[in-house]
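K.L.:
This is the content of structure_16.pdb (PDB, C-alpha atoms and all ligand atoms):
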```pdb
ATOM      1  CA  MET J   1      45.247 -18.560 -43.629
ATOM      2  CA  SER J   2      47.942 -19.587 -46.078
ATOM      3  CA  GLY J   3      47.019 -21.666 -49.118
ATOM      4  CA  CYS J   4      49.978 -23.923 -48.401
ATOM      5  CA  ILE J   5      48.646 -27.473 -48.064
ATOM      6  CA  PHE J   6      50.873 -28.355 -45.105
ATOM      7  CA  CYS J   7      49.939 -25.109 -43.308
ATOM      8  CA  ARG J   8      46.304 -26.116 -43.818
ATOM      9  CA  ILE J   9      47.001 -29.565 -42.377
ATOM     10  CA  ILE J  10      48.797 -27.978 -39.401
ATOM     11  CA  GLY J  11      45.854 -25.609 -38.917
ATOM     12  CA  GLY J  12      43.399 -28.523 -38.958
ATOM     13  CA  ASP J  13      41.717 -27.314 -42.181
ATOM     14  CA  ILE J  14      42.663 -30.487 -44.016
ATOM     15  CA  PRO J  15      42.544 -33.800 -42.125
ATOM     16  CA  SER J  16      45.674 -35.868 -41.669
ATOM     17  CA  ASP J  17      46.600 -39.120 -40.015
ATOM     18  CA  THR J  18      48.747 -37.591 -37.282
ATOM     19  CA  ILE J  19      50.996 -39.943 -35.391
ATOM     20  CA  TYR J  20      52.960 -37.436 -33.298
ATOM     21  CA  GLU J  21      52.757 -33.732 -32.573
ATOM     22  CA  ASN J  22      54.320 -31.225 -30.208
ATOM     23  CA  GLU J  23      54.529 -27.407 -29.967
ATOM     24  CA  THR J  24      56.767 -26.973 -32.981
ATOM     25  CA  VAL J  25      56.374 -30.075 -35.174
ATOM     26  CA  LYS J  26      53.668 -32.314 -36.628
ATOM     27  CA  VAL J  27      54.169 -35.827 -38.019
ATOM     28  CA  PHE J  28      51.521 -37.429 -40.217
ATOM     29  CA  LYS J  29      51.198 -40.302 -42.690
ATOM     30  CA  ASP J  30      52.060 -39.561 -46.314
ATOM     31  CA  ILE J  31      48.902 -39.791 -48.410
ATOM     32  CA  SER J  32      50.742 -41.754 -51.078
ATOM     33  CA  PRO J  33      53.228 -43.995 -49.250
ATOM     34  CA  VAL J  34      56.283 -45.500 -50.958
ATOM     35  CA  ALA J  35      57.206 -47.799 -48.044
ATOM     36  CA  PRO J  36      55.358 -49.634 -45.236
ATOM     37  CA  VAL J  37      56.136 -46.657 -43.011
ATOM     38  CA  HIS J  38      56.124 -43.291 -44.807
ATOM     39  CA  LEU J  39      55.649 -40.230 -42.649
ATOM     40  CA  ILE J  40      55.903 -36.501 -43.275
ATOM     41  CA  ILE J  41      57.571 -34.370 -40.602
ATOM     42  CA  VAL J  42      56.793 -30.644 -40.780
ATOM     43  CA  PRO J  43      57.711 -27.636 -38.687
ATOM     44  CA  LYS J  44      54.577 -25.712 -37.642
ATOM     45  CA  ILE J  45      56.002 -22.460 -38.977
ATOM     46  CA  HIS J  46      56.005 -22.024 -42.735
ATOM     47  CA  ILE J  47      59.475 -22.256 -44.288
ATOM     48  CA  ASP J  48      59.663 -22.993 -48.028
ATOM     49  CA  SER J  49      62.539 -25.481 -47.951
ATOM     50  CA  ILE J  50      66.086 -26.008 -46.682
ATOM     51  CA  GLU J  51      67.008 -23.132 -49.021
ATOM     52  CA  SER J  52      65.034 -20.763 -46.766
ATOM     53  CA  LEU J  53      66.764 -21.777 -43.533
ATOM     54  CA  ASN J  54      68.862 -19.235 -41.693
ATOM     55  CA  GLU J  55      70.427 -18.819 -38.260
ATOM     56  CA  GLN J  56      67.124 -17.560 -36.827
ATOM     57  CA  ASN J  57      64.838 -20.373 -37.956
ATOM     58  CA  ALA J  58      67.173 -23.386 -38.291
ATOM     59  CA  GLY J  59      66.332 -24.635 -34.806
ATOM     60  CA  VAL J  60      63.198 -26.226 -36.251
ATOM     61  CA  VAL J  61      65.410 -28.735 -38.040
ATOM     62  CA  ALA J  62      66.610 -30.125 -34.706
ATOM     63  CA  ASP J  63      62.972 -30.233 -33.568
ATOM     64  CA  CYS J  64      62.084 -32.185 -36.721
ATOM     65  CA  MET J  65      64.923 -34.686 -36.203
ATOM     66  CA  LEU J  66      63.889 -35.294 -32.587
ATOM     67  CA  ALA J  67      60.336 -35.811 -33.835
ATOM     68  CA  ALA J  68      61.685 -38.239 -36.474
ATOM     69  CA  LYS J  69      63.280 -40.279 -33.730
ATOM     70  CA  LYS J  70      60.053 -40.301 -31.713
ATOM     71  CA  ALA J  71      57.946 -41.167 -34.761
ATOM     72  CA  ALA J  72      60.301 -44.040 -35.685
ATOM     73  CA  GLU J  73      59.897 -45.417 -32.194
ATOM     74  CA  ILE J  74      56.096 -45.036 -32.291
ATOM     75  CA  SER J  75      56.040 -46.799 -35.685
ATOM     76  CA  GLY J  76      58.249 -49.641 -34.445
ATOM     77  CA  ILE J  77      61.094 -49.051 -36.912
ATOM     78  CA  ASP J  78      63.631 -47.501 -34.556
ATOM     79  CA  LYS J  79      65.531 -50.805 -34.285
ATOM     80  CA  SER J  80      65.208 -51.970 -37.914
ATOM     81  CA  GLY J  81      66.262 -48.588 -39.321
ATOM     82  CA  TYR J  82      64.873 -45.829 -41.472
ATOM     83  CA  ARG J  83      65.750 -43.017 -43.848
ATOM     84  CA  VAL J  84      65.035 -39.281 -43.553
ATOM     85  CA  ILE J  85      64.923 -37.235 -46.746
ATOM     86  CA  SER J  86      64.122 -33.646 -47.678
ATOM     87  CA  ASN J  87      63.553 -32.727 -51.314
ATOM     88  CA  VAL J  88      64.641 -29.220 -52.277
ATOM     89  CA  GLY J  89      63.543 -27.580 -55.498
ATOM     90  CA  GLU J  90      62.821 -28.765 -58.978
ATOM     91  CA  ASP J  91      65.520 -31.365 -59.624
ATOM     92  CA  ALA J  92      64.684 -33.109 -56.332
ATOM     93  CA  GLY J  93      60.996 -33.117 -57.258
ATOM     94  CA  GLN J  94      59.837 -31.006 -54.309
ATOM     95  CA  SER J  95      56.072 -30.833 -54.789
ATOM     96  CA  VAL J  96      55.000 -29.087 -51.571
ATOM     97  CA  GLU J  97      56.796 -25.830 -50.808
ATOM     98  CA  HIS J  98      56.723 -26.176 -47.039
ATOM     99  CA  LEU J  99      59.890 -27.615 -45.500
ATOM    100  CA  HIS J 100      59.320 -31.275 -44.714
ATOM    101  CA  PHE J 101      61.198 -34.465 -44.088
ATOM    102  CA  HIS J 102      60.094 -37.865 -45.353
ATOM    103  CA  LEU J 103      60.643 -40.641 -42.834
ATOM    104  CA  VAL J 104      60.583 -44.010 -44.595
ATOM    105  CA  GLY J 105      61.180 -47.518 -43.338
ATOM    106  CA  GLY J 106      59.711 -50.898 -42.559
ATOM    107  CA  ILE J 107      61.487 -52.539 -45.511
ATOM    108  CA  PRO J 108      65.148 -52.934 -46.585
ATOM    109  CA  MET J 109      65.697 -49.969 -48.888
ATOM    110  CA  GLY J 110      68.945 -50.478 -50.736
ATOM    111  CA  GLU J 111      70.457 -47.359 -52.209
ATOM    112  CA  ARG J 112      67.386 -45.344 -53.149
ATOM    113  CA  ILE J 113      63.691 -45.196 -52.435
ATOM    114  CA  LEU J 114      62.714 -41.603 -53.155
TER     115      LEU J 114
HETATM  116  P1  LIG J 201      57.765 -33.713 -51.863
HETATM  117  O1  LIG J 201      57.569 -34.318 -53.223
HETATM  118  O2  LIG J 201      59.087 -34.023 -51.229
HETATM  119  O3  LIG J 201      57.436 -32.231 -51.854
HETATM  120  O4  LIG J 201      56.734 -34.450 -50.922
HETATM  121  C1  LIG J 201      55.426 -34.071 -50.736
HETATM  122  C2  LIG J 201      54.733 -35.278 -50.156
HETATM  123  O5  LIG J 201      53.540 -34.848 -49.551
HETATM  124  C3  LIG J 201      54.372 -36.359 -51.173
HETATM  125  O6  LIG J 201      54.990 -37.595 -50.805
HETATM  126  C4  LIG J 201      52.840 -36.435 -51.087
HETATM  127  O7  LIG J 201      52.362 -37.754 -51.190
HETATM  128  C5  LIG J 201      52.578 -35.857 -49.702
HETATM  129  N1  LIG J 201      51.276 -35.233 -49.546
HETATM  130  C6  LIG J 201      50.677 -34.332 -50.368
HETATM  131  N2  LIG J 201      49.471 -33.980 -49.883
HETATM  132  C7  LIG J 201      49.301 -34.671 -48.733
HETATM  133  C8  LIG J 201      48.258 -34.753 -47.769
HETATM  134  N3  LIG J 201      47.122 -34.030 -47.886
HETATM  135  N4  LIG J 201      48.418 -35.580 -46.704
HETATM  136  C9  LIG J 201      49.534 -36.316 -46.584
HETATM  137  N5  LIG J 201      50.574 -36.266 -47.444
HETATM  138  C10 LIG J 201      50.454 -35.476 -48.511
HETATM  139 ZN    ZN J 202      53.149 -23.912 -45.192
END
```
Written as structure tokens, that's how I'd like the structure from this file.
P.N.:
Amino acid sequence: MSGCIFCRIIGGDIPSDTIYENETVKVFKDISPVAPVHLIIVPKIHIDSIESLNEQNAGVVADCMLAAKKAAEISGIDKSGYRVISNVGEDAGQSVEHLHFHLVGGIPMGERIL
């Protein structure tokens, strides 16, 4: 099994507060939330970041966005609004090298929150 922390969460090795899951995507609560709703959306296959997407694997991004929509609805922020962010590389402060999208909401966010 990979040492990647999100792969270990997906594999059930490390517990997570999962709020939605399907065949290709898992959505769980961020361990250190920056907003009332702060979720992490991950594809179940390991991809390092947006930089590692290609024509073969990019379909997971659509899966993640559909999961974002579902998770926003489950969390009750689909009407009030939310933001979806993916950090890529050093300058963006990417700390986990497994492609993921932050879904944040539940509070007016202004220009920046992450
Ligand atoms: P990033 O900085 O964009 O790579 O985001 C990584 C995010 O993963 C951070 O917001 C962390 O709080 C979150 N995170 C790290 N470990 C865990 C974990 N075990 N469960 C939930 N979220 C985590
Ligand atoms: Zn991984």
K.L.:
Taking all atoms listed in the file into account, which residues are within 9 Å of ligand LIG 201 (chain J), as a ChimeraX atom specification?
P.N.:
/J:5-6,8-9,14-17,28-34,38-40,85-89,92-102,114
K.L.:
With distances taken over only C-alpha atoms and all ligand atoms, which of J:Leu103, J:Ile47, J:Ala67, J:Ile41 is nearest to ligand ZN 202 (chain J)?
P.N.:
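Among the listed residues, the smallest separation from ligand ZN 202 (chain J) belongs to J:Ile47.
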K.L.:
Please measure the separation of atom CA of J:Val60 and atom CA of J:Gly106, giving the value in Å to one decimal.
P.N.:
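Straight-line distance from atom CA of J:Val60 to atom CA of J:Gly106 works out to 25.7 Å.
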K.L.:
For ligand ZN 202 (chain J), which residue out of J:Ile45, J:Met65, J:Ala35, J:Ala58 is the nearest one, using only C-alpha atoms and all ligand atoms?
P.N.:
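Checking each of J:Ile45, J:Met65, J:Ala35, J:Ala58 against ligand ZN 202 (chain J), counting only C-alpha atoms and all ligand atoms, the winner is J:Ile45.
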K.L.:
Just to confirm, what's the straight-line distance from atom CA of J:Val104 to atom CA of J:Val27 in Å (one decimal)?
P.N.:
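Between these atoms lies a distance of 12.3 Å.
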K.L.:
Could you check how far atom CA of J:Ile107 sits from atom CA of J:Ile19, in Å to one decimal?
P.N.:
19.3 Å
K.L.:
Since the input lacks some atoms of stretch 20-44 of chain J, please model N, CA and C atoms and print them as a CSV table (one decimal), in the frame of the given file.
P.N.:
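Saved result, part.csv, follows:
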```csv
chain,number,residue,atom,x,y,z
J,20,TYR,N,52.2,-38.1,-34.4
J,20,TYR,CA,53.0,-37.4,-33.3
J,20,TYR,C,52.9,-35.9,-33.5
J,21,GLU,N,52.8,-35.2,-32.5
J,21,GLU,CA,52.8,-33.7,-32.6
J,21,GLU,C,53.3,-33.1,-31.3
J,22,ASN,N,54.0,-32.0,-31.4
J,22,ASN,CA,54.3,-31.2,-30.2
J,22,ASN,C,54.2,-29.7,-30.6
J,23,GLU,N,54.7,-28.9,-29.8
J,23,GLU,CA,54.5,-27.4,-30.0
J,23,GLU,C,55.0,-26.9,-31.3
J,24,THR,N,56.1,-27.5,-31.8
J,24,THR,CA,56.8,-27.0,-33.0
J,24,THR,C,56.7,-27.8,-34.2
J,25,VAL,N,56.3,-29.1,-34.1
J,25,VAL,CA,56.4,-30.1,-35.2
J,25,VAL,C,55.1,-31.0,-35.2
J,26,LYS,N,54.8,-31.3,-36.5
J,26,LYS,CA,53.7,-32.3,-36.6
J,26,LYS,C,54.2,-33.4,-37.5
J,27,VAL,N,53.8,-34.7,-37.2
J,27,VAL,CA,54.2,-35.8,-38.0
J,27,VAL,C,52.9,-36.6,-38.4
J,28,PHE,N,52.7,-36.7,-39.7
J,28,PHE,CA,51.5,-37.4,-40.2
J,28,PHE,C,51.9,-38.4,-41.4
J,29,LYS,N,51.0,-39.3,-41.6
J,29,LYS,CA,51.2,-40.3,-42.7
J,29,LYS,C,51.1,-39.7,-44.1
J,30,ASP,N,52.1,-40.0,-44.9
J,30,ASP,CA,52.1,-39.6,-46.3
J,30,ASP,C,50.8,-40.2,-47.0
J,31,ILE,N,50.1,-39.4,-47.8
J,31,ILE,CA,48.9,-39.8,-48.4
J,31,ILE,C,49.2,-40.8,-49.5
J,32,SER,N,50.4,-40.8,-50.0
J,32,SER,CA,50.7,-41.8,-51.1
J,32,SER,C,52.1,-42.4,-50.7
J,33,PRO,N,52.0,-43.4,-49.8
J,33,PRO,CA,53.2,-44.0,-49.2
J,33,PRO,C,54.1,-44.8,-50.2
J,34,VAL,N,55.4,-44.7,-50.1
J,34,VAL,CA,56.3,-45.5,-51.0
J,34,VAL,C,57.0,-46.6,-50.2
J,35,ALA,N,56.6,-46.8,-48.9
J,35,ALA,CA,57.2,-47.8,-48.0
J,35,ALA,C,56.2,-48.1,-47.0
J,36,PRO,N,56.3,-49.3,-46.3
J,36,PRO,CA,55.4,-49.6,-45.2
J,36,PRO,C,55.2,-48.5,-44.2
J,37,VAL,N,56.3,-47.9,-43.8
J,37,VAL,CA,56.1,-46.7,-43.0
J,37,VAL,C,56.6,-45.5,-43.9
J,38,HIS,N,55.7,-44.5,-44.1
J,38,HIS,CA,56.1,-43.3,-44.8
J,38,HIS,C,55.4,-42.1,-44.2
J,39,LEU,N,56.2,-41.4,-43.4
J,39,LEU,CA,55.6,-40.2,-42.6
J,39,LEU,C,56.2,-38.9,-43.2
J,40,ILE,N,55.5,-37.9,-42.9
J,40,ILE,CA,55.9,-36.5,-43.3
J,40,ILE,C,56.1,-35.7,-42.0
J,41,ILE,N,57.3,-35.2,-41.8
J,41,ILE,CA,57.6,-34.4,-40.6
J,41,ILE,C,57.6,-32.9,-41.0
J,42,VAL,N,56.8,-32.1,-40.4
J,42,VAL,CA,56.8,-30.6,-40.8
J,42,VAL,C,56.9,-29.7,-39.6
J,43,PRO,N,57.7,-28.7,-39.7
J,43,PRO,CA,57.7,-27.6,-38.7
J,43,PRO,C,56.4,-26.9,-38.8
J,44,LYS,N,55.9,-26.4,-37.6
J,44,LYS,CA,54.6,-25.7,-37.6
J,44,LYS,C,54.7,-24.3,-38.2
```
